[in-house]
>>> print(open('input32.pdb').read())   # PDB, C-alpha atoms, pLDDT in the B column
ATOM      1  CA  MET A   1     131.708  90.830-237.168  1.00 87.00           C
ATOM      2  CA  LYS A   2     130.812  94.422-238.033  1.00 94.00           C
ATOM      3  CA  THR A   3     132.921  97.366-236.948  1.00 96.00           C
ATOM      4  CA  ARG A   4     131.263 100.727-237.560  1.00 97.00           C
ATOM      5  CA  LEU A   5     133.409 103.724-238.409  1.00 97.00           C
ATOM      6  CA  THR A   6     131.711 107.088-238.242  1.00 98.00           C
ATOM      7  CA  LEU A   7     133.957 109.740-239.735  1.00 98.00           C
ATOM      8  CA  VAL A   8     133.061 113.264-238.620  1.00 98.00           C
ATOM      9  CA  ARG A   9     134.648 116.371-240.072  1.00 98.00           C
ATOM     10  CA  HIS A  10     135.252 119.096-237.497  1.00 98.00           C
ATOM     11  CA  GLY A  11     132.894 122.077-237.346  1.00 98.00           C
ATOM     12  CA  GLN A  12     133.456 125.281-239.273  1.00 97.00           C
ATOM     13  CA  THR A  13     136.332 127.640-238.469  1.00 95.00           C
ATOM     14  CA  ALA A  14     137.023 131.179-239.663  1.00 92.00           C
ATOM     15  CA  LYS A  15     139.734 129.820-241.976  1.00 91.00           C
ATOM     16  CA  ASN A  16     137.226 127.423-243.587  1.00 92.00           C
ATOM     17  CA  VAL A  17     135.014 130.396-244.408  1.00 91.00           C
ATOM     18  CA  LYS A  18     137.949 132.279-245.970  1.00 91.00           C
ATOM     19  CA  GLY A  19     139.127 129.246-247.991  1.00 89.00           C
ATOM     20  CA  VAL A  20     142.531 129.382-246.297  1.00 90.00           C
ATOM     21  CA  LEU A  21     144.566 126.277-245.453  1.00 89.00           C
ATOM     22  CA  HIS A  22     145.057 125.527-241.787  1.00 87.00           C
ATOM     23  CA  SER A  23     148.607 124.997-240.572  1.00 82.00           C
ATOM     24  CA  ARG A  24     149.961 122.143-238.474  1.00 78.00           C
ATOM     25  CA  SER A  25     149.185 122.639-234.787  1.00 78.00           C
ATOM     26  CA  ASP A  26     146.807 125.420-235.835  1.00 82.00           C
ATOM     27  CA  GLU A  27     145.090 126.948-232.833  1.00 88.00           C
ATOM     28  CA  SER A  28     141.948 127.856-234.811  1.00 90.00           C
ATOM     29  CA  VAL A  29     138.811 127.193-232.821  1.00 95.00           C
ATOM     30  CA  LEU A  30     135.299 126.556-234.053  1.00 97.00           C
ATOM     31  CA  SER A  31     133.183 129.495-235.086  1.00 97.00           C
ATOM     32  CA  GLU A  32     129.790 129.963-233.465  1.00 97.00           C
ATOM     33  CA  LEU A  33     128.259 128.239-236.506  1.00 98.00           C
ATOM     34  CA  GLY A  34     130.847 125.454-236.157  1.00 98.00           C
ATOM     35  CA  ARG A  35     129.787 124.810-232.557  1.00 98.00           C
ATOM     36  CA  ARG A  36     126.130 124.712-233.613  1.00 98.00           C
ATOM     37  CA  GLN A  37     126.975 122.325-236.474  1.00 98.00           C
ATOM     38  CA  ILE A  38     128.766 119.939-234.116  1.00 98.00           C
ATOM     39  CA  SER A  39     125.893 120.167-231.636  1.00 98.00           C
ATOM     40  CA  VAL A  40     123.552 118.916-234.380  1.00 98.00           C
ATOM     41  CA  THR A  41     126.030 116.164-235.267  1.00 98.00           C
ATOM     42  CA  ALA A  42     126.297 115.099-231.614  1.00 98.00           C
ATOM     43  CA  ARG A  43     122.507 114.862-231.316  1.00 97.00           C
ATOM     44  CA  ARG A  44     122.484 112.807-234.537  1.00 97.00           C
ATOM     45  CA  LEU A  45     124.969 110.361-233.006  1.00 98.00           C
ATOM     46  CA  LYS A  46     123.186 110.069-229.665  1.00 96.00           C
ATOM     47  CA  GLY A  47     121.473 106.705-229.419  1.00 93.00           C
ATOM     48  CA  GLU A  48     123.788 105.120-232.018  1.00 95.00           C
ATOM     49  CA  GLY A  49     125.577 103.037-229.388  1.00 96.00           C
ATOM     50  CA  VAL A  50     128.955 104.698-229.866  1.00 98.00           C
ATOM     51  CA  ASP A  51     131.696 102.870-227.965  1.00 98.00           C
ATOM     52  CA  LEU A  52     134.696 105.133-228.582  1.00 97.00           C
ATOM     53  CA  ILE A  53     135.555 108.577-229.902  1.00 98.00           C
ATOM     54  CA  TYR A  54     138.963 109.177-231.460  1.00 98.00           C
ATOM     55  CA  SER A  55     140.109 112.595-232.581  1.00 98.00           C
ATOM     56  CA  SER A  56     142.835 114.384-234.439  1.00 97.00           C
ATOM     57  CA  LYS A  57     144.966 116.376-232.015  1.00 96.00           C
ATOM     58  CA  GLU A  58     144.350 119.557-234.019  1.00 96.00           C
ATOM     59  CA  THR A  59     142.444 122.137-231.921  1.00 96.00           C
ATOM     60  CA  ARG A  60     139.385 122.376-234.205  1.00 97.00           C
ATOM     61  CA  ALA A  61     138.934 118.600-234.324  1.00 97.00           C
ATOM     62  CA  LEU A  62     139.583 118.089-230.625  1.00 97.00           C
ATOM     63  CA  GLU A  63     137.091 120.848-229.744  1.00 98.00           C
ATOM     64  CA  SER A  64     134.527 119.144-231.997  1.00 98.00           C
ATOM     65  CA  ALA A  65     135.256 115.749-230.418  1.00 98.00           C
ATOM     66  CA  ARG A  66     134.843 117.154-226.906  1.00 98.00           C
ATOM     67  CA  LEU A  67     131.457 118.659-227.795  1.00 98.00           C
ATOM     68  CA  ILE A  68     130.312 115.322-229.242  1.00 98.00           C
ATOM     69  CA  ALA A  69     131.757 113.391-226.292  1.00 98.00           C
ATOM     70  CA  GLU A  70     129.888 115.589-223.837  1.00 98.00           C
ATOM     71  CA  VAL A  71     126.560 114.660-225.448  1.00 98.00           C
ATOM     72  CA  LEU A  72     127.471 110.964-225.760  1.00 98.00           C
ATOM     73  CA  GLY A  73     128.976 110.646-222.284  1.00 97.00           C
ATOM     74  CA  LYS A  74     132.334 109.486-223.642  1.00 97.00           C
ATOM     75  CA  GLU A  75     135.905 110.736-223.318  1.00 97.00           C
ATOM     76  CA  PRO A  76     137.603 111.589-226.634  1.00 97.00           C
ATOM     77  CA  ARG A  77     140.927 109.935-227.376  1.00 98.00           C
ATOM     78  CA  PRO A  78     143.280 112.298-229.240  1.00 98.00           C
ATOM     79  CA  LEU A  79     145.464 110.285-231.594  1.00 97.00           C
ATOM     80  CA  ASP A  80     148.506 111.128-233.691  1.00 96.00           C
ATOM     81  CA  GLY A  81     148.116 110.480-237.409  1.00 96.00           C
ATOM     82  CA  LEU A  82     144.588 111.841-237.857  1.00 97.00           C
ATOM     83  CA  GLU A  83     145.808 115.357-238.696  1.00 96.00           C
ATOM     84  CA  GLU A  84     145.100 117.074-241.985  1.00 95.00           C
ATOM     85  CA  ARG A  85     147.691 116.877-244.756  1.00 96.00           C
ATOM     86  CA  ASN A  86     150.764 118.988-244.111  1.00 96.00           C
ATOM     87  CA  TRP A  87     150.760 121.525-246.939  1.00 96.00           C
ATOM     88  CA  GLY A  88     154.111 123.049-245.879  1.00 96.00           C
ATOM     89  CA  VAL A  89     154.710 126.437-247.497  1.00 96.00           C
ATOM     90  CA  PHE A  90     151.036 126.673-248.487  1.00 95.00           C
ATOM     91  CA  GLU A  91     149.776 126.669-244.887  1.00 93.00           C
ATOM     92  CA  GLY A  92     147.798 129.800-244.105  1.00 91.00           C
ATOM     93  CA  ARG A  93     147.402 130.586-247.796  1.00 93.00           C
ATOM     94  CA  PRO A  94     144.323 130.351-250.014  1.00 94.00           C
ATOM     95  CA  TRP A  95     143.471 126.993-251.586  1.00 92.00           C
ATOM     96  CA  SER A  96     143.544 128.728-254.976  1.00 94.00           C
ATOM     97  CA  GLU A  97     147.365 128.962-254.716  1.00 95.00           C
ATOM     98  CA  VAL A  98     147.668 125.195-254.195  1.00 94.00           C
ATOM     99  CA  LYS A  99     145.160 124.534-256.956  1.00 94.00           C
ATOM    100  CA  ALA A 100     147.260 126.590-259.392  1.00 96.00           C
ATOM    101  CA  VAL A 101     150.236 124.285-258.707  1.00 96.00           C
ATOM    102  CA  LEU A 102     148.272 121.009-258.737  1.00 96.00           C
ATOM    103  CA  ASP A 103     145.942 121.541-261.702  1.00 96.00           C
ATOM    104  CA  PRO A 104     148.635 121.114-264.413  1.00 97.00           C
ATOM    105  CA  LEU A 105     149.770 117.796-262.854  1.00 97.00           C
ATOM    106  CA  ASP A 106     148.369 114.387-263.773  1.00 95.00           C
ATOM    107  CA  SER A 107     147.104 112.159-260.943  1.00 93.00           C
ATOM    108  CA  GLU A 108     150.427 110.327-260.420  1.00 96.00           C
ATOM    109  CA  GLN A 109     152.345 113.597-260.305  1.00 97.00           C
ATOM    110  CA  ARG A 110     149.825 114.973-257.791  1.00 96.00           C
ATOM    111  CA  TYR A 111     150.172 111.789-255.741  1.00 97.00           C
ATOM    112  CA  GLU A 112     153.958 112.191-255.511  1.00 97.00           C
ATOM    113  CA  TYR A 113     154.075 116.019-255.254  1.00 98.00           C
ATOM    114  CA  VAL A 114     155.626 117.229-251.986  1.00 98.00           C
ATOM    115  CA  PRO A 115     155.098 120.889-251.149  1.00 97.00           C
ATOM    116  CA  GLU A 116     158.196 122.433-249.576  1.00 96.00           C
ATOM    117  CA  ASN A 117     158.247 121.467-245.850  1.00 96.00           C
ATOM    118  CA  GLY A 118     155.071 119.418-246.375  1.00 96.00           C
ATOM    119  CA  GLU A 119     153.970 115.907-247.218  1.00 97.00           C
ATOM    120  CA  SER A 120     152.864 114.260-250.431  1.00 98.00           C
ATOM    121  CA  TRP A 121     149.392 112.861-251.012  1.00 97.00           C
ATOM    122  CA  LYS A 122     151.089 109.431-250.988  1.00 97.00           C
ATOM    123  CA  ASP A 123     152.659 109.994-247.551  1.00 98.00           C
ATOM    124  CA  PHE A 124     149.437 111.517-246.205  1.00 97.00           C
ATOM    125  CA  GLU A 125     147.472 108.500-247.446  1.00 97.00           C
ATOM    126  CA  THR A 126     149.994 106.070-245.919  1.00 97.00           C
ATOM    127  CA  ARG A 127     149.859 107.873-242.550  1.00 98.00           C
ATOM    128  CA  THR A 128     146.080 108.004-242.327  1.00 97.00           C
ATOM    129  CA  ASN A 129     145.563 104.435-243.578  1.00 95.00           C
ATOM    130  CA  LYS A 130     148.020 103.142-240.974  1.00 97.00           C
ATOM    131  CA  VAL A 131     146.237 104.818-238.065  1.00 97.00           C
ATOM    132  CA  ILE A 132     142.778 103.727-239.265  1.00 96.00           C
ATOM    133  CA  LYS A 133     143.978 100.139-239.596  1.00 94.00           C
ATOM    134  CA  GLU A 134     145.289 100.295-236.011  1.00 96.00           C
ATOM    135  CA  ILE A 135     141.967 101.687-234.767  1.00 97.00           C
ATOM    136  CA  ILE A 136     139.999  98.961-236.566  1.00 95.00           C
ATOM    137  CA  ASP A 137     142.340  96.168-235.460  1.00 94.00           C
ATOM    138  CA  GLU A 138     142.153  97.265-231.806  1.00 96.00           C
ATOM    139  CA  ASN A 139     138.376  97.737-231.795  1.00 97.00           C
ATOM    140  CA  GLN A 140     136.823  94.866-233.753  1.00 95.00           C
ATOM    141  CA  GLY A 141     133.047  94.813-233.447  1.00 96.00           C
ATOM    142  CA  LYS A 142     132.789  98.287-231.918  1.00 97.00           C
ATOM    143  CA  ASN A 143     131.054 101.473-233.000  1.00 98.00           C
ATOM    144  CA  ILE A 144     133.769 104.096-233.375  1.00 98.00           C
ATOM    145  CA  VAL A 145     133.503 107.827-234.044  1.00 98.00           C
ATOM    146  CA  ILE A 146     136.591 109.471-235.561  1.00 98.00           C
ATOM    147  CA  VAL A 147     136.618 113.276-235.541  1.00 98.00           C
ATOM    148  CA  THR A 148     139.074 114.493-238.128  1.00 97.00           C
ATOM    149  CA  HIS A 149     139.459 116.675-241.229  1.00 96.00           C
ATOM    150  CA  GLY A 150     138.020 116.875-244.730  1.00 96.00           C
ATOM    151  CA  GLY A 151     141.247 115.805-246.410  1.00 95.00           C
ATOM    152  CA  VAL A 152     141.597 112.800-244.114  1.00 97.00           C
ATOM    153  CA  ILE A 153     138.076 111.627-244.941  1.00 97.00           C
ATOM    154  CA  ARG A 154     138.678 112.285-248.643  1.00 96.00           C
ATOM    155  CA  VAL A 155     141.851 110.164-248.708  1.00 96.00           C
ATOM    156  CA  LEU A 156     140.458 107.377-246.493  1.00 95.00           C
ATOM    157  CA  LEU A 157     137.270 106.637-248.408  1.00 96.00           C
ATOM    158  CA  PRO A 158     138.859 105.204-251.579  1.00 95.00           C
ATOM    159  CA  HIS A 159     141.169 103.054-249.460  1.00 92.00           C
ATOM    160  CA  LEU A 160     138.401 101.718-247.212  1.00 92.00           C
ATOM    161  CA  LEU A 161     136.073 101.118-250.166  1.00 93.00           C
ATOM    162  CA  HIS A 162     138.821  99.475-252.290  1.00 92.00           C
ATOM    163  CA  ALA A 163     138.455 102.130-254.979  1.00 94.00           C
ATOM    164  CA  PRO A 164     141.180 103.871-257.013  1.00 95.00           C
ATOM    165  CA  LYS A 165     142.825 106.741-255.146  1.00 94.00           C
ATOM    166  CA  GLU A 166     141.500 109.185-257.775  1.00 93.00           C
ATOM    167  CA  GLU A 167     138.013 108.551-256.361  1.00 94.00           C
ATOM    168  CA  SER A 168     139.021 110.905-253.547  1.00 92.00           C
ATOM    169  CA  PHE A 169     138.299 113.829-255.887  1.00 90.00           C
ATOM    170  CA  LYS A 170     134.581 113.082-255.798  1.00 93.00           C
ATOM    171  CA  TYR A 171     134.357 113.424-252.008  1.00 94.00           C
ATOM    172  CA  ASP A 172     133.879 116.817-250.399  1.00 92.00           C
ATOM    173  CA  PRO A 173     132.884 116.321-246.759  1.00 96.00           C
ATOM    174  CA  LYS A 174     131.271 119.429-245.332  1.00 97.00           C
ATOM    175  CA  ASN A 175     131.973 120.763-241.852  1.00 97.00           C
ATOM    176  CA  ALA A 176     130.383 118.558-239.156  1.00 98.00           C
ATOM    177  CA  SER A 177     129.395 115.973-241.787  1.00 97.00           C
ATOM    178  CA  VAL A 178     128.922 112.329-240.848  1.00 98.00           C
ATOM    179  CA  THR A 179     130.232 109.510-243.064  1.00 97.00           C
ATOM    180  CA  ILE A 180     129.331 106.032-241.814  1.00 97.00           C
ATOM    181  CA  LEU A 181     131.164 102.907-242.929  1.00 96.00           C
ATOM    182  CA  ASP A 182     130.254  99.422-241.790  1.00 95.00           C
ATOM    183  CA  TYR A 183     133.464  97.452-241.875  1.00 86.00           C
ATOM    184  CA  TYR A 184     133.380  93.664-242.242  1.00 87.00           C
ATOM    185  CA  GLY A 185     136.920  92.302-242.100  1.00 78.00           C
ATOM    186  CA  GLU A 186     138.505  93.833-245.189  1.00 77.00           C
ATOM    187  CA  ASP A 187     135.316  95.185-246.760  1.00 81.00           C
ATOM    188  CA  ALA A 188     133.617  98.468-245.945  1.00 85.00           C
ATOM    189  CA  ARG A 189     130.222  99.682-247.043  1.00 89.00           C
TER
END
>>> encode(input="input32.pdb", output="structure tokens")
Amino acid sequence: MKTRLTLVRHGQTAKNVKGVLHSRSDESVLSELGRRQISVTARRLKGEGVDLIYSSKETRALESARLIAEVLGKEPRPLDGLEERNWGVFEGRPWSEVKAVLDPLDSEQRYEYVPENGESWKDFETRTNKVIKEIIDENQGKNIVIVTHGGVIRVLLPHLLHAPKEESFKYDPKNASVTILDYYGEDAR
């Protein structure tokens, strides 16, 4: 039995344009371009037979999910665990500052690194994998849209595709992008 997961990154925000990390419970809304991007994504998904729409509870993702849901005639289901990685002290700061800390580390050190008041890649991966497993287990055979964040998609793909975690570095989902995975039991394509 096939379960389809369609991972959608939220539309563009002003912080995305500036290359600044969002913070937890960030109230950033979509930019005008972000709303147009999600409108295109929603039209792309229309006619795909979507059964359910789940969303991160973060404002930018929930706004994106509501715009998609309006076009698809569905009600989004905000769900804990689909939030972006908690970068702690780096929230609201440029990605370049995080990169300067992470670049000297090997992949295992990066995996275990916990920014002050934040979460490690390992903990982030565990959190997101748990919630995706719950969604899949509860919705076997359905077509599910999950509106979330770039980092969530990046960390989920290696897990769902049974690839090494370092494969996450090759993924860079753009705002309002669509990543479709057909899930057959334990295998995703």
>>> closest_atom_pairs(input="input32.pdb", of="stretch 98-146 of chain A", to="stretch 175-187 of chain A", cutoff="12 Å", atoms="all atoms listed in the file", output="JSON lines")
{"residue": "A:Ile132", "atom": "CA", "partner": "A:Tyr183", "partner_atom": "CA", "distance": 11.5}
{"residue": "A:Lys133", "atom": "CA", "partner": "A:Glu186", "partner_atom": "CA", "distance": 10.0}
{"residue": "A:Ile135", "atom": "CA", "partner": "A:Tyr183", "partner_atom": "CA", "distance": 11.9}
{"residue": "A:Ile136", "atom": "CA", "partner": "A:Tyr183", "partner_atom": "CA", "distance": 8.6}
{"residue": "A:Asp137", "atom": "CA", "partner": "A:Gly185", "partner_atom": "CA", "distance": 9.4}
{"residue": "A:Asn139", "atom": "CA", "partner": "A:Tyr183", "partner_atom": "CA", "distance": 11.2}
{"residue": "A:Gln140", "atom": "CA", "partner": "A:Gly185", "partner_atom": "CA", "distance": 8.7}
{"residue": "A:Gly141", "atom": "CA", "partner": "A:Tyr183", "partner_atom": "CA", "distance": 8.8}
{"residue": "A:Lys142", "atom": "CA", "partner": "A:Tyr183", "partner_atom": "CA", "distance": 10.0}
{"residue": "A:Asn143", "atom": "CA", "partner": "A:Asp182", "partner_atom": "CA", "distance": 9.1}
{"residue": "A:Ile144", "atom": "CA", "partner": "A:Ile180", "partner_atom": "CA", "distance": 9.7}
{"residue": "A:Val145", "atom": "CA", "partner": "A:Ile180", "partner_atom": "CA", "distance": 9.0}
{"residue": "A:Ile146", "atom": "CA", "partner": "A:Val178", "partner_atom": "CA", "distance": 9.7}
>>> write_last_selection(input="input32.pdb", atoms="C-alpha atoms", output="short mmCIF file (atom, residue, chain, number, x, y, z; two decimals), in the coordinates of the input")
data_model
loop_
_atom_site.label_atom_id
_atom_site.label_comp_id
_atom_site.auth_asym_id
_atom_site.auth_seq_id
_atom_site.Cartn_x
_atom_site.Cartn_y
_atom_site.Cartn_z
CA ILE A 132 142.78 103.73 -239.26
CA LYS A 133 143.98 100.14 -239.60
CA ILE A 135 141.97 101.69 -234.77
CA ILE A 136 140.00 98.96 -236.57
CA ASP A 137 142.34 96.17 -235.46
CA ASN A 139 138.38 97.74 -231.80
CA GLN A 140 136.82 94.87 -233.75
CA GLY A 141 133.05 94.81 -233.45
CA LYS A 142 132.79 98.29 -231.92
CA ASN A 143 131.05 101.47 -233.00
CA ILE A 144 133.77 104.10 -233.38
CA VAL A 145 133.50 107.83 -234.04
CA ILE A 146 136.59 109.47 -235.56
#
>>> residues_around(input="input32.pdb", residues="stretch 8-19 of chain A", least_positions_apart="3", cutoff="9 Å", atoms="only C-alpha atoms", output="MDAnalysis selection string")
chainID A and resid 22 28:38 41 60:65 92:96 145:150 152:153 173:180
>>> resolve_selection(input="input32.pdb", expression="the PyMOL selection byres ((chain A and resi 125) around 10)", output="ChimeraX atom specification")
/A:85,111,119-124,126-130,151-152,154-156,159,165
>>> atom_distance(input="input32.pdb", atom1="atom CA of A:Glu58", atom2="atom CA of A:Asp172")
19.6 Å
>>> atom_distance(input="input32.pdb", atom1="atom CA of A:Glu97", atom2="atom CA of A:Glu84")
17.6 Å
>>> resolve_selection(input="input32.pdb", expression="the PyMOL selection byres ((chain A and resi 77) around 9)", output="list of chain:residue names")
A:Leu52, A:Ile53, A:Tyr54, A:Ser55, A:Ser56, A:Lys57, A:Leu62, A:Ala65, A:Glu75, A:Pro76, A:Pro78, A:Leu79
>>> write_last_selection(input="input32.pdb", atoms="C-alpha atoms", output="PDB file, keeping the file's coordinate frame")
ATOM      1  CA  LEU A  52     134.696 105.133-228.582  1.00 97.00           C
ATOM      2  CA  ILE A  53     135.555 108.577-229.902  1.00 98.00           C
ATOM      3  CA  TYR A  54     138.963 109.177-231.460  1.00 98.00           C
ATOM      4  CA  SER A  55     140.109 112.595-232.581  1.00 98.00           C
ATOM      5  CA  SER A  56     142.835 114.384-234.439  1.00 97.00           C
ATOM      6  CA  LYS A  57     144.966 116.376-232.015  1.00 96.00           C
ATOM      7  CA  LEU A  62     139.583 118.089-230.625  1.00 97.00           C
ATOM      8  CA  ALA A  65     135.256 115.749-230.418  1.00 98.00           C
ATOM      9  CA  GLU A  75     135.905 110.736-223.318  1.00 97.00           C
ATOM     10  CA  PRO A  76     137.603 111.589-226.634  1.00 97.00           C
ATOM     11  CA  PRO A  78     143.280 112.298-229.240  1.00 98.00           C
ATOM     12  CA  LEU A  79     145.464 110.285-231.594  1.00 97.00           C
TER      13      LEU A  79
END
>>> atom_distance(input="input32.pdb", atom1="atom CA of A:Ser39", atom2="atom CA of A:Trp87")
29.2 Å
>>> build_atoms(input="input32.pdb", residues="stretch 66-75 of chain A", atoms="all heavy atoms", output="PDB file, in the frame of the given file")
ATOM      1  N   ARG A  66     135.260 116.924-228.309  1.00 98.00           N
ATOM      2  CA  ARG A  66     134.843 117.154-226.906  1.00 98.00           C
ATOM      3  C   ARG A  66     133.363 117.509-226.831  1.00 98.00           C
ATOM      4  O   ARG A  66     132.666 117.067-225.916  1.00 98.00           O
ATOM      5  CB  ARG A  66     135.711 118.234-226.284  1.00 98.00           C
ATOM      6  CG  ARG A  66     137.108 117.743-225.980  1.00 98.00           C
ATOM      7  CD  ARG A  66     137.961 118.805-225.321  1.00 98.00           C
ATOM      8  NE  ARG A  66     139.261 118.250-224.975  1.00 98.00           N
ATOM      9  CZ  ARG A  66     140.414 118.872-225.150  1.00 98.00           C
ATOM     10  NH1 ARG A  66     140.440 120.096-225.658  1.00 98.00           N
ATOM     11  NH2 ARG A  66     141.552 118.290-224.814  1.00 98.00           N
ATOM     12  N   LEU A  67     132.883 118.309-227.784  1.00 98.00           N
ATOM     13  CA  LEU A  67     131.457 118.659-227.795  1.00 98.00           C
ATOM     14  C   LEU A  67     130.603 117.420-228.052  1.00 98.00           C
ATOM     15  O   LEU A  67     129.555 117.234-227.425  1.00 98.00           O
ATOM     16  CB  LEU A  67     131.184 119.740-228.837  1.00 98.00           C
ATOM     17  CG  LEU A  67     131.779 121.123-228.525  1.00 98.00           C
ATOM     18  CD1 LEU A  67     131.698 122.039-229.751  1.00 98.00           C
ATOM     19  CD2 LEU A  67     131.079 121.752-227.328  1.00 98.00           C
ATOM     20  N   ILE A  68     131.033 116.567-228.962  1.00 98.00           N
ATOM     21  CA  ILE A  68     130.312 115.322-229.242  1.00 98.00           C
ATOM     22  C   ILE A  68     130.380 114.403-228.025  1.00 98.00           C
ATOM     23  O   ILE A  68     129.362 113.830-227.603  1.00 98.00           O
ATOM     24  CB  ILE A  68     130.891 114.628-230.490  1.00 98.00           C
ATOM     25  CG1 ILE A  68     130.590 115.455-231.737  1.00 98.00           C
ATOM     26  CG2 ILE A  68     130.345 113.200-230.635  1.00 98.00           C
ATOM     27  CD1 ILE A  68     131.346 115.022-232.979  1.00 98.00           C
ATOM     28  N   ALA A  69     131.555 114.277-227.443  1.00 98.00           N
ATOM     29  CA  ALA A  69     131.757 113.391-226.292  1.00 98.00           C
ATOM     30  C   ALA A  69     130.885 113.795-225.110  1.00 98.00           C
ATOM     31  O   ALA A  69     130.365 112.933-224.389  1.00 98.00           O
ATOM     32  CB  ALA A  69     133.236 113.400-225.889  1.00 98.00           C
ATOM     33  N   GLU A  70     130.728 115.085-224.933  1.00 98.00           N
ATOM     34  CA  GLU A  70     129.888 115.589-223.837  1.00 98.00           C
ATOM     35  C   GLU A  70     128.451 115.085-223.980  1.00 98.00           C
ATOM     36  O   GLU A  70     127.833 114.636-223.019  1.00 98.00           O
ATOM     37  CB  GLU A  70     129.927 117.121-223.857  1.00 98.00           C
ATOM     38  CG  GLU A  70     129.344 117.785-222.640  1.00 98.00           C
ATOM     39  CD  GLU A  70     129.553 119.282-222.708  1.00 98.00           C
ATOM     40  OE1 GLU A  70     130.728 119.711-222.707  1.00 98.00           O
ATOM     41  OE2 GLU A  70     128.542 120.009-222.780  1.00 98.00           O
ATOM     42  N   VAL A  71     127.926 115.121-225.184  1.00 98.00           N
ATOM     43  CA  VAL A  71     126.560 114.660-225.448  1.00 98.00           C
ATOM     44  C   VAL A  71     126.462 113.139-225.324  1.00 98.00           C
ATOM     45  O   VAL A  71     125.473 112.611-224.816  1.00 98.00           O
ATOM     46  CB  VAL A  71     126.079 115.128-226.847  1.00 98.00           C
ATOM     47  CG1 VAL A  71     124.760 114.489-227.235  1.00 98.00           C
ATOM     48  CG2 VAL A  71     125.969 116.650-226.884  1.00 98.00           C
ATOM     49  N   LEU A  72     127.499 112.429-225.759  1.00 98.00           N
ATOM     50  CA  LEU A  72     127.471 110.964-225.760  1.00 98.00           C
ATOM     51  C   LEU A  72     127.959 110.346-224.454  1.00 98.00           C
ATOM     52  O   LEU A  72     127.876 109.124-224.281  1.00 98.00           O
ATOM     53  CB  LEU A  72     128.306 110.416-226.927  1.00 98.00           C
ATOM     54  CG  LEU A  72     127.896 110.849-228.323  1.00 98.00           C
ATOM     55  CD1 LEU A  72     128.752 110.155-229.369  1.00 98.00           C
ATOM     56  CD2 LEU A  72     126.422 110.594-228.572  1.00 98.00           C
ATOM     57  N   GLY A  73     128.480 111.175-223.545  1.00 97.00           N
ATOM     58  CA  GLY A  73     128.976 110.646-222.284  1.00 97.00           C
ATOM     59  C   GLY A  73     130.236 109.814-222.437  1.00 97.00           C
ATOM     60  O   GLY A  73     130.448 108.834-221.724  1.00 97.00           O
ATOM     61  N   LYS A  74     131.080 110.197-223.372  1.00 97.00           N
ATOM     62  CA  LYS A  74     132.334 109.486-223.642  1.00 97.00           C
ATOM     63  C   LYS A  74     133.500 110.457-223.489  1.00 97.00           C
ATOM     64  O   LYS A  74     133.316 111.668-223.531  1.00 97.00           O
ATOM     65  CB  LYS A  74     132.358 108.917-225.072  1.00 97.00           C
ATOM     66  CG  LYS A  74     131.221 107.994-225.416  1.00 97.00           C
ATOM     67  CD  LYS A  74     131.374 106.668-224.741  1.00 97.00           C
ATOM     68  CE  LYS A  74     130.192 105.755-225.084  1.00 97.00           C
ATOM     69  NZ  LYS A  74     130.192 104.578-224.239  1.00 97.00           N
ATOM     70  N   GLU A  75     134.694 109.928-223.362  1.00 97.00           N
ATOM     71  CA  GLU A  75     135.905 110.736-223.318  1.00 97.00           C
ATOM     72  C   GLU A  75     136.628 110.602-224.656  1.00 97.00           C
ATOM     73  O   GLU A  75     136.920 109.480-225.085  1.00 97.00           O
ATOM     74  CB  GLU A  75     136.806 110.234-222.184  1.00 97.00           C
ATOM     75  CG  GLU A  75     137.985 111.120-221.889  1.00 97.00           C
ATOM     76  CD  GLU A  75     137.615 112.494-221.368  1.00 97.00           C
ATOM     77  OE1 GLU A  75     136.600 112.614-220.646  1.00 97.00           O
ATOM     78  OE2 GLU A  75     138.337 113.448-221.701  1.00 97.00           O
TER      79      GLU A  75
END
